[in-house]
Structures are given as structure tokens and as C-alpha cells.
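A.B. asks: Quick one, query-v2.tsv (TSV, C-alpha atoms):
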chain	number	residue	atom	x	y	z
A	1	MET	CA	-8.40	12.10	-7.33
A	2	VAL	CA	-4.77	11.05	-6.88
A	3	LEU	CA	-1.85	12.93	-8.46
A	4	ARG	CA	1.33	10.94	-9.04
A	5	LEU	CA	4.35	13.21	-9.63
A	6	SER	CA	7.32	12.57	-11.90
A	7	HIS	CA	6.56	9.14	-13.31
A	8	ARG	CA	9.51	7.51	-15.10
A	9	ILE	CA	8.54	4.90	-17.66
A	10	ILE	CA	10.94	2.07	-16.90
A	11	ARG	CA	11.94	2.62	-13.32
A	12	ASP	CA	8.47	3.40	-11.98
A	13	ALA	CA	6.32	1.19	-14.20
A	14	ARG	CA	5.26	-1.34	-11.58
A	15	ALA	CA	5.13	1.04	-8.63
A	16	THR	CA	2.92	3.44	-10.57
A	17	SER	CA	0.68	0.59	-11.76
A	18	HIS	CA	0.27	-0.64	-8.19
A	19	LEU	CA	-0.45	2.91	-7.07
A	20	PHE	CA	-3.14	3.46	-9.68
A	21	LEU	CA	-4.77	0.08	-9.06
A	22	ALA	CA	-4.77	0.65	-5.31
A	23	ALA	CA	-6.30	4.10	-5.79
A	24	ARG	CA	-9.02	2.57	-7.96
A	25	ALA	CA	-9.72	-0.36	-5.64
A	26	LEU	CA	-9.94	1.93	-2.62
A	27	GLY	CA	-12.42	4.40	-3.96
A	28	ALA	CA	-10.53	7.19	-5.73
A	29	ASP	CA	-12.33	8.34	-8.87
A	30	GLY	CA	-9.18	8.68	-10.95
A	31	VAL	CA	-5.52	9.55	-11.18
A	32	ILE	CA	-3.49	12.27	-12.82
A	33	TYR	CA	0.21	11.80	-13.40
A	34	THR	CA	3.14	13.96	-14.46
A	35	GLY	CA	6.64	13.08	-15.64
A	36	GLN	CA	6.92	10.80	-18.65
A	37	ARG	CA	3.78	9.85	-20.49
A	38	ASP	CA	3.27	6.08	-20.29
A	39	ARG	CA	0.61	4.71	-22.63
A	40	THR	CA	1.25	1.17	-21.46
A	41	ILE	CA	0.12	2.01	-17.95
A	42	GLU	CA	-2.84	3.95	-19.26
A	43	ALA	CA	-3.90	0.92	-21.33
A	44	THR	CA	-3.44	-1.43	-18.37
A	45	ILE	CA	-5.61	0.66	-16.09
A	46	HIS	CA	-8.30	1.03	-18.74
A	47	GLU	CA	-8.32	-2.72	-19.29
A	48	VAL	CA	-8.62	-3.42	-15.59
A	49	THR	CA	-11.48	-0.94	-15.27
A	50	LYS	CA	-13.27	-2.44	-18.27
A	51	ALA	CA	-12.95	-5.95	-16.84
A	52	TRP	CA	-13.55	-5.23	-13.16
A	53	GLY	CA	-16.06	-2.41	-13.43
A	54	GLY	CA	-16.72	1.08	-12.15
A	55	HIS	CA	-15.39	4.34	-13.51
A	56	PHE	CA	-11.79	5.43	-13.18
A	57	ASP	CA	-9.96	8.12	-15.13
A	58	VAL	CA	-6.25	8.20	-15.93
A	59	THR	CA	-5.03	11.58	-17.12
A	60	TYR	CA	-1.56	12.71	-18.12
A	61	GLN	CA	-0.47	16.30	-17.50
A	62	PRO	CA	3.04	17.47	-18.29
A	63	LYS	CA	3.41	19.96	-15.43
A	64	ALA	CA	2.55	19.47	-11.77
A	65	ALA	CA	2.39	23.23	-11.15
A	66	GLY	CA	-0.44	23.57	-13.64
A	67	VAL	CA	-2.42	20.74	-12.06
A	68	LEU	CA	-2.06	22.18	-8.57
A	69	LYS	CA	-3.03	25.68	-9.68
A	70	GLU	CA	-6.07	24.48	-11.59
A	71	TRP	CA	-7.20	22.34	-8.66
A	72	LYS	CA	-6.96	25.21	-6.21
A	73	THR	CA	-8.62	27.64	-8.61
A	74	GLY	CA	-11.51	25.19	-8.81
A	75	GLY	CA	-11.89	25.29	-5.04
A	76	GLY	CA	-10.45	21.84	-4.35
A	77	ASP	CA	-8.33	20.72	-1.41
A	78	LEU	CA	-4.71	19.71	-1.97
A	79	ILE	CA	-3.43	16.96	0.30
A	80	HIS	CA	0.24	16.06	-0.02
A	81	LEU	CA	1.34	12.76	1.49
A	82	SER	CA	4.87	12.90	2.83
A	83	MET	CA	6.67	11.36	5.79
A	84	TYR	CA	7.50	14.91	6.93
A	85	GLY	CA	3.92	16.09	7.37
A	86	LEU	CA	1.41	15.95	10.21
A	87	PRO	CA	0.32	12.51	11.41
A	88	LEU	CA	-2.65	11.09	9.49
A	89	GLN	CA	-4.46	10.13	12.66
A	90	ASN	CA	-4.32	13.73	13.92
A	91	VAL	CA	-5.65	15.43	10.81
A	92	VAL	CA	-7.87	13.04	8.90
A	93	ASP	CA	-11.04	14.07	10.71
A	94	ALA	CA	-10.48	17.71	9.79
A	95	ILE	CA	-9.71	16.78	6.18
A	96	ARG	CA	-12.85	14.66	5.96
A	97	THR	CA	-14.94	17.56	7.24
A	98	SER	CA	-14.11	19.71	4.24
A	99	PRO	CA	-16.66	19.16	1.47
A	100	ALA	CA	-14.23	20.21	-1.30
A	101	ASP	CA	-12.96	17.76	-3.91
A	102	LYS	CA	-9.66	16.31	-2.82
A	103	LEU	CA	-6.44	15.91	-4.77
A	104	ILE	CA	-4.05	13.54	-3.01
A	105	VAL	CA	-0.50	14.22	-4.17
A	106	VAL	CA	2.39	11.74	-3.94
A	107	GLY	CA	5.98	11.77	-5.27
A	108	GLY	CA	8.03	11.19	-7.29
A	109	ALA	CA	11.71	10.94	-6.65
A	110	LYS	CA	12.12	14.56	-5.60
A	111	VAL	CA	9.05	16.54	-4.65
A	112	PRO	CA	9.35	20.26	-5.43
A	113	ARG	CA	9.02	22.71	-2.56
A	114	LEU	CA	6.01	24.15	-4.37
A	115	VAL	CA	3.98	21.07	-3.44
A	116	TYR	CA	4.65	21.48	0.28
A	117	ASP	CA	3.78	25.18	0.04
A	118	GLU	CA	0.62	24.86	-2.03
A	119	ALA	CA	-0.80	21.92	-0.09
A	120	ASP	CA	-3.70	22.57	2.25
A	121	TRP	CA	-2.43	19.59	4.22
A	122	ASN	CA	0.94	17.86	4.33
A	123	VAL	CA	0.09	14.48	5.82
A	124	ALA	CA	2.40	11.76	7.13
A	125	VAL	CA	1.20	8.16	7.08
A	126	THR	CA	3.76	7.34	9.77
A	127	SER	CA	6.99	9.36	9.83
A	128	GLN	CA	8.88	6.32	8.57
A	129	PRO	CA	10.10	5.67	5.04
A	130	HIS	CA	7.87	3.22	3.20
A	131	SER	CA	5.76	3.41	0.07
A	132	GLU	CA	3.47	5.88	-1.67
A	133	ILE	CA	1.26	2.89	-2.50
A	134	SER	CA	0.82	2.14	1.17
A	135	ALA	CA	0.41	5.82	2.06
A	136	VAL	CA	-2.34	6.43	-0.50
A	137	SER	CA	-4.12	3.23	0.50
A	138	LEU	CA	-4.18	4.04	4.19
A	139	PHE	CA	-5.15	7.65	3.52
A	140	LEU	CA	-8.14	6.61	1.40
A	141	HIS	CA	-9.11	3.94	3.93
A	142	GLU	CA	-9.17	6.49	6.74
A	143	LEU	CA	-10.80	9.19	4.61
A	144	PHE	CA	-13.62	6.82	3.68
A	145	ARG	CA	-13.71	5.24	7.17
A	146	GLY	CA	-13.32	1.76	5.68
A	147	GLN	CA	-16.52	2.05	3.64
A	148	GLU	CA	-14.44	1.81	0.46
A	149	LEU	CA	-13.77	-1.86	1.20
A	150	SER	CA	-17.33	-2.72	0.22
A	151	LYS	CA	-17.65	-0.27	-2.68
A	152	PRO	CA	-19.57	-1.77	-5.63
A	153	PHE	CA	-18.00	-1.64	-9.11
A	154	GLU	CA	-20.74	-1.35	-11.70
A	155	ASP	CA	-20.84	-3.12	-15.07
A	156	ALA	CA	-18.00	-5.50	-14.31
A	157	GLU	CA	-17.25	-8.29	-16.75
A	158	LEU	CA	-15.56	-10.18	-13.92
A	159	THR	CA	-16.74	-10.44	-10.34
A	160	ILE	CA	-15.21	-12.46	-7.54
A	161	MET	CA	-17.32	-14.48	-5.17
A	162	PRO	CA	-15.34	-14.52	-1.91
A	163	GLN	CA	-14.28	-18.02	-0.88
A	164	VAL	CA	-12.87	-19.62	2.23
A	165	ARG	CA	-10.37	-21.39	-0.06
A	166	GLY	CA	-9.64	-21.25	-3.74
A	167	LYS	CA	-10.96	-18.93	-6.41
A	168	LYS	CA	-14.39	-18.24	-7.84
A	169	ILE	CA	-14.86	-15.70	-10.60
A	170	LEU	CA	-18.20	-14.93	-12.21
A	171	ARG	CA	-17.88	-13.93	-15.84
A	172	ARG	CA	-20.64	-11.94	-17.47
A	173	SER	CA	-21.54	-13.77	-20.65
A	174	GLY	CA	-21.19	-11.77	-23.86
A	175	SER	CA	-19.06	-9.21	-22.10
A	176	GLY	CA	-19.33	-5.87	-23.74
A	177	GLY	CA	-23.06	-6.10	-24.26
A	178	GLY	CA	-25.07	-8.98	-22.93
A	179	ARG	CA	-26.18	-9.72	-19.40
A	180	ASP	CA	-25.99	-12.89	-17.45
A	181	THR	CA	-28.20	-13.69	-14.51
A	182	ARG	CA	-25.23	-15.29	-12.76
A	183	HIS	CA	-23.78	-11.83	-12.50
A	184	ASP	CA	-25.38	-9.98	-9.65
A	185	GLY	CA	-23.28	-6.82	-9.87
A	186	SER	CA	-22.21	-6.88	-6.25
A	187	VAL	CA	-18.65	-7.37	-5.06
B	1	MET	CA	5.69	-11.55	10.25
B	2	VAL	CA	5.10	-11.12	6.52
B	3	LEU	CA	6.00	-13.79	3.96
B	4	ARG	CA	6.63	-12.62	0.40
B	5	LEU	CA	6.49	-15.47	-2.11
B	6	SER	CA	8.54	-15.91	-5.27
B	7	HIS	CA	10.64	-12.74	-5.32
B	8	ARG	CA	12.40	-12.11	-8.64
B	9	ILE	CA	15.50	-9.93	-8.35
B	10	ILE	CA	15.06	-7.53	-11.23
B	11	ARG	CA	11.36	-7.52	-11.91
B	12	ASP	CA	10.24	-7.32	-8.28
B	13	ALA	CA	13.04	-5.26	-6.76
B	14	ARG	CA	11.07	-2.11	-6.09
B	15	ALA	CA	7.74	-3.75	-5.32
B	16	THR	CA	9.39	-6.03	-2.77
B	17	SER	CA	11.31	-3.11	-1.24
B	18	HIS	CA	8.10	-1.13	-0.89
B	19	LEU	CA	6.39	-4.16	0.62
B	20	PHE	CA	9.11	-4.72	3.21
B	21	LEU	CA	9.31	-1.04	4.13
B	22	ALA	CA	5.54	-0.81	4.48
B	23	ALA	CA	5.50	-3.93	6.64
B	24	ARG	CA	8.18	-2.40	8.86
B	25	ALA	CA	6.54	1.02	9.08
B	26	LEU	CA	3.17	-0.51	9.94
B	27	GLY	CA	4.25	-2.69	12.80
B	28	ALA	CA	5.28	-6.09	11.43
B	29	ASP	CA	8.31	-7.50	13.22
B	30	GLY	CA	9.96	-8.85	10.10
B	31	VAL	CA	9.66	-10.43	6.70
B	32	ILE	CA	10.55	-13.76	5.18
B	33	TYR	CA	10.84	-14.13	1.43
B	34	THR	CA	11.18	-16.97	-1.04
B	35	GLY	CA	12.15	-17.02	-4.71
B	36	GLN	CA	15.50	-15.51	-5.63
B	37	ARG	CA	17.80	-14.37	-2.85
B	38	ASP	CA	18.37	-10.62	-3.12
B	39	ARG	CA	21.17	-9.30	-0.96
B	40	THR	CA	20.64	-5.76	-2.24
B	41	ILE	CA	17.15	-5.63	-0.77
B	42	GLU	CA	18.36	-7.19	2.46
B	43	ALA	CA	21.05	-4.52	2.76
B	44	THR	CA	18.57	-1.74	1.98
B	45	ILE	CA	16.15	-2.86	4.68
B	46	HIS	CA	18.94	-3.26	7.23
B	47	GLU	CA	20.20	0.24	6.45
B	48	VAL	CA	16.73	1.72	6.80
B	49	THR	CA	16.23	-0.05	10.12
B	50	LYS	CA	19.62	1.12	11.40
B	51	ALA	CA	18.86	4.71	10.44
B	52	TRP	CA	15.19	4.87	11.39
B	53	GLY	CA	15.15	2.60	14.42
B	54	GLY	CA	13.33	-0.36	15.83
B	55	HIS	CA	13.89	-4.04	15.13
B	56	PHE	CA	13.01	-5.70	11.86
B	57	ASP	CA	14.23	-9.02	10.50
B	58	VAL	CA	14.64	-9.95	6.85
B	59	THR	CA	15.04	-13.68	6.29
B	60	TYR	CA	15.45	-15.62	3.07
B	61	GLN	CA	14.06	-19.15	2.77
B	62	PRO	CA	14.28	-21.10	-0.47
B	63	LYS	CA	10.98	-22.97	-0.15
B	64	ALA	CA	7.57	-21.60	0.80
B	65	ALA	CA	6.28	-25.05	1.76
B	66	GLY	CA	8.93	-25.35	4.47
B	67	VAL	CA	8.11	-21.94	5.91
B	68	LEU	CA	4.39	-22.69	6.06
B	69	LYS	CA	4.91	-26.07	7.66
B	70	GLU	CA	7.30	-24.74	10.27
B	71	TRP	CA	4.95	-21.86	11.09
B	72	LYS	CA	1.99	-24.17	11.60
B	73	THR	CA	4.03	-26.68	13.58
B	74	GLY	CA	4.99	-23.81	15.88
B	75	GLY	CA	1.32	-23.07	16.49
B	76	GLY	CA	1.17	-19.89	14.43
B	77	ASP	CA	-1.71	-18.61	12.30
B	78	LEU	CA	-1.33	-18.45	8.52
B	79	ILE	CA	-3.16	-15.58	6.83
B	80	HIS	CA	-3.04	-15.47	3.06
B	81	LEU	CA	-4.00	-12.20	1.39
B	82	SER	CA	-5.68	-12.74	-1.96
B	83	MET	CA	-8.45	-11.01	-3.86
B	84	TYR	CA	-10.32	-14.33	-3.87
B	85	GLY	CA	-10.62	-14.69	-0.10
B	86	LEU	CA	-13.13	-13.50	2.49
B	87	PRO	CA	-13.54	-9.74	2.92
B	88	LEU	CA	-11.11	-8.22	5.41
B	89	GLN	CA	-13.85	-6.29	7.17
B	90	ASN	CA	-15.78	-9.52	7.85
B	91	VAL	CA	-12.92	-11.55	9.31
B	92	VAL	CA	-10.37	-9.22	10.87
B	93	ASP	CA	-12.03	-9.24	14.30
B	94	ALA	CA	-11.88	-13.03	14.44
B	95	ILE	CA	-8.26	-13.02	13.28
B	96	ARG	CA	-7.33	-10.43	15.90
B	97	THR	CA	-8.93	-12.56	18.62
B	98	SER	CA	-6.48	-15.41	18.06
B	99	PRO	CA	-3.41	-14.96	20.28
B	100	ALA	CA	-1.15	-17.00	17.96
B	101	ASP	CA	1.74	-15.40	16.07
B	102	LYS	CA	0.63	-14.43	12.60
B	103	LEU	CA	2.28	-15.04	9.27
B	104	ILE	CA	0.78	-12.85	6.54
B	105	VAL	CA	1.44	-14.42	3.15
B	106	VAL	CA	1.40	-12.53	-0.17
B	107	GLY	CA	2.35	-13.53	-3.75
B	108	GLY	CA	4.19	-13.79	-5.96
B	109	ALA	CA	3.29	-14.09	-9.59
B	110	LYS	CA	1.54	-17.43	-9.19
B	111	VAL	CA	0.53	-18.56	-5.73
B	112	PRO	CA	0.56	-22.34	-5.32
B	113	ARG	CA	-2.67	-24.06	-4.32
B	114	LEU	CA	-0.90	-25.23	-1.17
B	115	VAL	CA	-1.01	-21.70	0.22
B	116	TYR	CA	-4.79	-21.46	-0.12
B	117	ASP	CA	-5.16	-24.89	1.47
B	118	GLU	CA	-2.78	-24.42	4.36
B	119	ALA	CA	-3.97	-20.92	5.26
B	120	ASP	CA	-6.10	-20.52	8.37
B	121	TRP	CA	-7.59	-17.50	6.63
B	122	ASN	CA	-7.70	-16.45	2.99
B	123	VAL	CA	-8.44	-12.74	3.22
B	124	ALA	CA	-9.42	-10.29	0.48
B	125	VAL	CA	-8.58	-6.62	0.91
B	126	THR	CA	-11.31	-5.77	-1.59
B	127	SER	CA	-12.07	-8.31	-4.34
B	128	GLN	CA	-10.44	-6.01	-6.88
B	129	PRO	CA	-6.99	-6.33	-8.41
B	130	HIS	CA	-4.51	-3.92	-6.84
B	131	SER	CA	-1.27	-4.36	-4.92
B	132	GLU	CA	0.17	-6.65	-2.29
B	133	ILE	CA	1.77	-3.53	-0.79
B	134	SER	CA	-1.63	-1.99	-0.30
B	135	ALA	CA	-3.16	-5.25	0.92
B	136	VAL	CA	-0.50	-5.85	3.57
B	137	SER	CA	-0.70	-2.23	4.72
B	138	LEU	CA	-4.45	-2.25	5.15
B	139	PHE	CA	-4.38	-5.65	6.80
B	140	LEU	CA	-1.81	-4.53	9.38
B	141	HIS	CA	-3.69	-1.27	9.92
B	142	GLU	CA	-6.91	-3.13	10.68
B	143	LEU	CA	-5.19	-5.84	12.70
B	144	PHE	CA	-3.56	-3.22	14.92
B	145	ARG	CA	-6.64	-0.97	14.89
B	146	GLY	CA	-4.57	1.98	13.70
B	147	GLN	CA	-2.32	1.89	16.78
B	148	GLU	CA	0.63	1.07	14.50
B	149	LEU	CA	0.53	4.63	13.14
B	150	SER	CA	2.01	5.93	16.37
B	151	LYS	CA	4.40	3.04	17.00
B	152	PRO	CA	7.76	4.24	18.41
B	153	PHE	CA	10.98	3.10	16.71
B	154	GLU	CA	13.74	2.80	19.29
B	155	ASP	CA	17.37	3.84	18.85
B	156	ALA	CA	16.80	5.74	15.63
B	157	GLU	CA	19.63	7.78	14.17
B	158	LEU	CA	17.06	9.85	12.30
B	159	THR	CA	13.72	11.05	13.62
B	160	ILE	CA	11.22	13.27	11.87
B	161	MET	CA	9.48	16.11	13.67
B	162	PRO	CA	6.13	16.44	11.91
B	163	GLN	CA	5.67	19.81	10.23
B	164	VAL	CA	2.80	21.73	8.69
B	165	ARG	CA	5.13	22.48	5.76
B	166	GLY	CA	8.64	21.46	4.85
B	167	LYS	CA	10.93	18.93	6.48
B	168	LYS	CA	12.52	18.63	9.87
B	169	ILE	CA	14.79	15.70	10.68
B	170	LEU	CA	16.55	15.25	14.00
B	171	ARG	CA	19.87	13.50	13.69
B	172	ARG	CA	21.37	11.78	16.71
B	173	SER	CA	24.93	13.09	16.98
B	174	GLY	CA	27.67	10.47	16.82
B	175	SER	CA	25.23	7.97	15.37
B	176	GLY	CA	26.26	4.48	16.24
B	177	GLY	CA	27.28	5.41	19.74
B	178	GLY	CA	26.65	8.85	21.21
B	179	ARG	CA	23.43	10.42	22.37
B	180	ASP	CA	22.06	13.83	21.67
B	181	THR	CA	19.55	15.60	23.84
B	182	ARG	CA	17.83	16.90	20.74
B	183	HIS	CA	16.77	13.37	20.03
B	184	ASP	CA	13.81	12.43	22.18
B	185	GLY	CA	13.20	8.98	20.75
B	186	SER	CA	9.56	9.62	19.89
B	187	VAL	CA	8.13	9.62	16.41
Write the structure described by the file as C-alpha cells, please.

C.D. replies:
Amino acid sequence: MVLRLSHRIIRDARATSHLFLAARALGADGVIYTGQRDRTIEATIHEVTKAWGGHFDVTYQPKAAGVLKEWKTGGGDLIHLSMYGLPLQNVVDAIRTSPADKLIVVGGAKVPRLVYDEADWNVAVTSQPHSEISAVSLFLHELFRGQELSKPFEDAELTIMPQVRGKKILRRSGSGGGRDTRHDGSV
Amino acid sequence: MVLRLSHRIIRDARATSHLFLAARALGADGVIYTGQRDRTIEATIHEVTKAWGGHFDVTYQPKAAGVLKEWKTGGGDLIHLSMYGLPLQNVVDAIRTSPADKLIVVGGAKVPRLVYDEADWNVAVTSQPHSEISAVSLFLHELFRGQELSKPFEDAELTIMPQVRGKKILRRSGSGGGRDTRHDGSV
């Protein structure tokens, strides 16, 4: 699960959408976000999941502190991605070893000190300024050892057949109910 | 080098900034972009590079077709990232084997057919919709086999010392000229 802190409806709309879609595509099972509630983004992510398959939850919570506390009480690991933390390549093996459910936390304009303190791991995906979208993507890729790249997405209405050039999309006929033999369910 | 197609000043400002910063952090030597010229983004990237070190070029070109043609004439490889292409994990070894300079192309609202046709490789970082920021990051990470995560950035004014918790930034005294023994140049 990925936690996005302090979403702002207008300023962050596209960055948060990209973040959620990247989390979904790279194997996270859902996202939680705090800040301003944004029903447009929620609808977008639900539509993408309906069309492209799999299961992916989007949950709004008003307060980050509550989410962190509940996660830790439930025995989960908190992983905060920040350019100030320990290098990904040095810690990812240890993180992967823990069997606990993982909450991957990213800012947010200004991340409260609480997040650094409560995190089981503060992890830097490089110590350079870049993007929480990139950081989450690389973290998931390393966590899953690249296996996420071939993750199947069940019950997709749309499935791409990889091509050397151009585009090929298989569309399940009667989407929402029927089945089509052209659709083989694999991606 | 990363080529960003069809930048739009207002709508794409943050996504393009994230893309350029991720490309820089993950070892690309520069970016070219088409669409609308955006001097604000150029200034931002130059400021980040000045502060955080290394070399990174940002170049505007009005026409994608000209960039592609020039790149191919110069003997470089064109790699177009698109959800419709061949899976990254199946082709990255072959791409890495080629010694030619690489231009990694990402859209852009609508990518012209020309890009698919001219590309030496159309590569899918998953066949799911997500983010060009994520796609470029994962592509670079695989291309460089993760070595980019420990890339040094020379002549930085600011350098982070990775911490278990909290933030530690080393600032070179008299930035722009002087040297400080606290600054060891490594990241």
C-alpha cells in the first residue's frame, strides 16, 4: 500500500494521478491519501482499474497521523521515501525480508517530522531531488525484484498485445459481463 | 539523453519537471523537449544542477521530427517508451548491448506515428497505463543495472549525508567558488 501525504486538488492533480497509476501498474495493492479529498482522481483510478483489470483500492483519510498509527498497531512496516534517508540499494534486501505488510509513504510539500520518526525505514532513492513518482516506482521494482513487470491484471476489459511497432489492444466483447475468446487474460 | 515530446507550459509544468529531475537523478546526461518552450522549467533544472552537482543539459527543439532525424543520422539509437511496445524485461539486454548513444523518447499527449516507425525499439514498461516519469525511471534503472543509484554528482553545493532519521545536508562554504573540507564530494 502507498500513502500519499497532503494532496492538493489543483496543484497536485496530475502528479498524484501519475503516482497512483504507477503504484497500480507496479504491483501495489492500493493507495491511501491525505490532504484534500479529490473525487475526480478517485473516479479516474477506478475507471482505469475497471478497464485495465486487477484490484486496486483508493482510500481517503483526513489525517496522516491516524493512518500511521493504525498501520503500526496492525503490525505493518512503515517505509518513508525521502532523499534524506538510507540508500535504497543498501536497505531493500532487509526490507524485503520482513513479512509484514508494507506502507510506503511519500510527501507532500512538507513532510511532518512525525513521519521520519515513526518510519521503520527512511529510504532514499538517490540522494538527489527528483520525483515521488520515480521514487515509488523504483522502490516497488526493487522490492518485487522486477517480477511486477509481468504481473497479470485479471478481468481486464482492455489488454495490450505488445508490438514491435504500433498499437494493438484486445477489447473484451460485452465488457462488464461477457467473455471473448480473443481475450486471453494475460498481459 | 531523454526526449520529451509536446510539452505544454501550464498543463505539463510539474510532470515535465518531475520527468527532467528523474532523468537527471537516474543518470541521463540531459533532456531535449519539444512543444512549447518553457524557460521556467529550464531555469529550475539549471538551478537544481548548480546546487546538486553534475552536468545536465536541457535543450529546446521546436520539431520532434528534426530531433529524431538528426539523432539517427548521428548513428544513435532511438528508444520510444510506450505501453504498446515490447516488454522492457525482454529487450533491455539487447538495448544495453548496443554501444550507440541512446535517445529515450516519451510523449506527449498524442505521439505521432513517425515516432513508432523511426524508433529502433518501442519499449513497454508494463502494458498498463501509468506515467512517463515512472517509465523513464525504470528504463534508466534497468539500462544502468542499478549502478545509477550510486552515481556521484561532481561540484555540488549541497550534498546529503544519508540518515536513519531526519535530514543532514552538507553545504559547501562560499558556494560558487570556495571549498569546504566538510564537503567530500560523494553522495

A.B. asks: Only residues of chain B matter here; which ones have an atom within 6 Å of chain A, counting all atoms listed in the file? Give them as a count of residues only.

C.D. replies: 20

A.B. asks: Leu143 of chain B: which residues within 8 Å, counting all atoms listed in the file, same-chain residues fewer than 3 positions away excluded, as a PyMOL selection string?

C.D. replies: chain B and resi 92-93+95-96+139-140+146

A.B. asks: Find the residue from A:Leu170, A:Leu3, A:Ala51, A:Ile45 that sits nearest to Asp155 of chain A; use all atoms listed in the file when measuring.

C.D. replies: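 So, comparing all the options, the nearest one is A:Ala51.
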
A.B. asks: Quick one, how far is atom CA of Val106 of chain B from atom CA of Arg4 of chain B?

C.D. replies: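 So the answer is 5.3 Å.
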
A.B. asks: Which is closest to Gln61 of chain A among A:Asp101, A:Asp38, A:Glu47, A:Asp77, if we use all atoms listed in the file?

C.D. replies: A:Asp38

A.B. asks: Can you tell me how far atom CA of Ile32 of chain A sits from atom CA of Tyr60 of chain A, in Å to one decimal?

C.D. replies: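 These atoms are spaced 5.7 Å apart.
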
A.B. asks: Write out as a PyMOL selection string which residues come within 6 Å of Gly107 of chain A when counting all atoms listed in the file, dropping same-chain ones fewer than 2 positions away.

C.D. replies: chain A and resi 5+109+111

A.B. asks: Nearest to Val67 of chain B among B:Ala28, B:Arg172, B:Ser6, B:Tyr33, with distances taken over only C-alpha atoms: which residue is it?

C.D. replies: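 Comparing B:Ala28, B:Arg172, B:Ser6, B:Tyr33 against Val67 of chain B, the winner is B:Tyr33.
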
A.B. asks: Contacts of Lys102 of chain B at 9 Å or less, counting only C-alpha atoms, minus same-chain residues fewer than 5 places along, as a list in words?

C.D. replies: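 Contacts, with the query itself left out: Met1, Val2, Trp71, Gly76, Asp77, Leu78 and Ile79 of chain B.
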
A.B. asks: Please report the interatomic distance between atom CA of Val31 of chain B and atom CA of Thr59 of chain B in Å with one decimal.

C.D. replies: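 Separation of atom CA of Val31 of chain B and atom CA of Thr59 of chain B: 6.3 Å.
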
A.B. asks: Please give the centre and size of the box around segment 141-152 of chain B (axis-aligned, containing every atom listed in the file, 4 Å added per side), with values in Å to one decimal and written as lines of an AutoDock Vina configuration file.

C.D. replies:
center_x = 0.4
center_y = 0.0
center_z = 14.2
size_x = 22.7
size_y = 19.8
size_z = 16.5

A.B. asks: From the options B:His7, B:Lys69, B:Arg171, B:His55, which residue's atoms come nearest to Gly27 of chain B, counting all atoms listed in the file?

C.D. replies: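 Of the candidates, the smallest distance to Gly27 of chain B is held by B:His55.
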
A.B. asks: Could you check which of A:Glu42, A:Ile9, A:Ala64, A:Gly75 is closest to Ser98 of chain A, using only C-alpha atoms?

C.D. replies: A:Gly75

A.B. asks: From the coordinates I just gave you, please extract segment 15-29 of chain B so that only N, CA, C and O atoms remain, then output it as a short mmCIF file (atom, residue, chain, number, x, y, z; two decimals), in the first residue's frame.

C.D. replies:
data_model
loop_
_atom_site.label_atom_id
_atom_site.label_comp_id
_atom_site.auth_asym_id
_atom_site.auth_seq_id
_atom_site.Cartn_x
_atom_site.Cartn_y
_atom_site.Cartn_z
N ALA B 15 4.65 17.78 -14.34
CA ALA B 15 5.01 16.45 -14.85
C ALA B 15 6.34 16.51 -15.60
O ALA B 15 7.20 15.63 -15.43
N THR B 16 6.52 17.55 -16.39
CA THR B 16 7.79 17.67 -17.13
C THR B 16 8.95 17.95 -16.18
O THR B 16 10.04 17.40 -16.36
N SER B 17 8.73 18.78 -15.17
CA SER B 17 9.79 19.00 -14.17
C SER B 17 10.19 17.70 -13.49
O SER B 17 11.38 17.39 -13.36
N HIS B 18 9.19 16.94 -13.05
CA HIS B 18 9.48 15.65 -12.41
C HIS B 18 10.26 14.75 -13.37
O HIS B 18 11.21 14.08 -12.98
N LEU B 19 9.83 14.74 -14.62
CA LEU B 19 10.49 13.89 -15.62
C LEU B 19 11.96 14.27 -15.78
O LEU B 19 12.85 13.40 -15.78
N PHE B 20 12.22 15.57 -15.91
CA PHE B 20 13.59 16.02 -16.12
C PHE B 20 14.44 15.73 -14.88
O PHE B 20 15.59 15.31 -14.99
N LEU B 21 13.88 15.98 -13.70
CA LEU B 21 14.65 15.74 -12.47
C LEU B 21 14.93 14.24 -12.28
O LEU B 21 16.02 13.86 -11.85
N ALA B 22 13.95 13.42 -12.62
CA ALA B 22 14.17 11.98 -12.51
C ALA B 22 15.24 11.53 -13.50
O ALA B 22 16.12 10.72 -13.16
N ALA B 23 15.17 12.05 -14.72
CA ALA B 23 16.18 11.70 -15.72
C ALA B 23 17.58 12.08 -15.23
O ALA B 23 18.53 11.29 -15.33
N ARG B 24 17.68 13.28 -14.66
CA ARG B 24 18.97 13.72 -14.12
C ARG B 24 19.44 12.83 -12.97
O ARG B 24 20.59 12.36 -12.94
N ALA B 25 18.55 12.59 -12.01
CA ALA B 25 18.93 11.82 -10.82
C ALA B 25 19.34 10.40 -11.19
O ALA B 25 20.15 9.78 -10.49
N LEU B 26 18.78 9.88 -12.28
CA LEU B 26 18.99 8.47 -12.61
C LEU B 26 19.96 8.29 -13.77
O LEU B 26 19.97 7.25 -14.43
N GLY B 27 20.78 9.29 -14.01
CA GLY B 27 21.95 9.06 -14.85
C GLY B 27 21.88 9.50 -16.29
O GLY B 27 22.87 9.34 -17.02
N ALA B 28 20.75 10.06 -16.74
CA ALA B 28 20.73 10.62 -18.10
C ALA B 28 21.65 11.84 -18.14
O ALA B 28 21.86 12.50 -17.12
N ASP B 29 22.20 12.13 -19.31
CA ASP B 29 23.10 13.28 -19.39
C ASP B 29 22.39 14.56 -19.82
O ASP B 29 23.01 15.63 -19.85
#
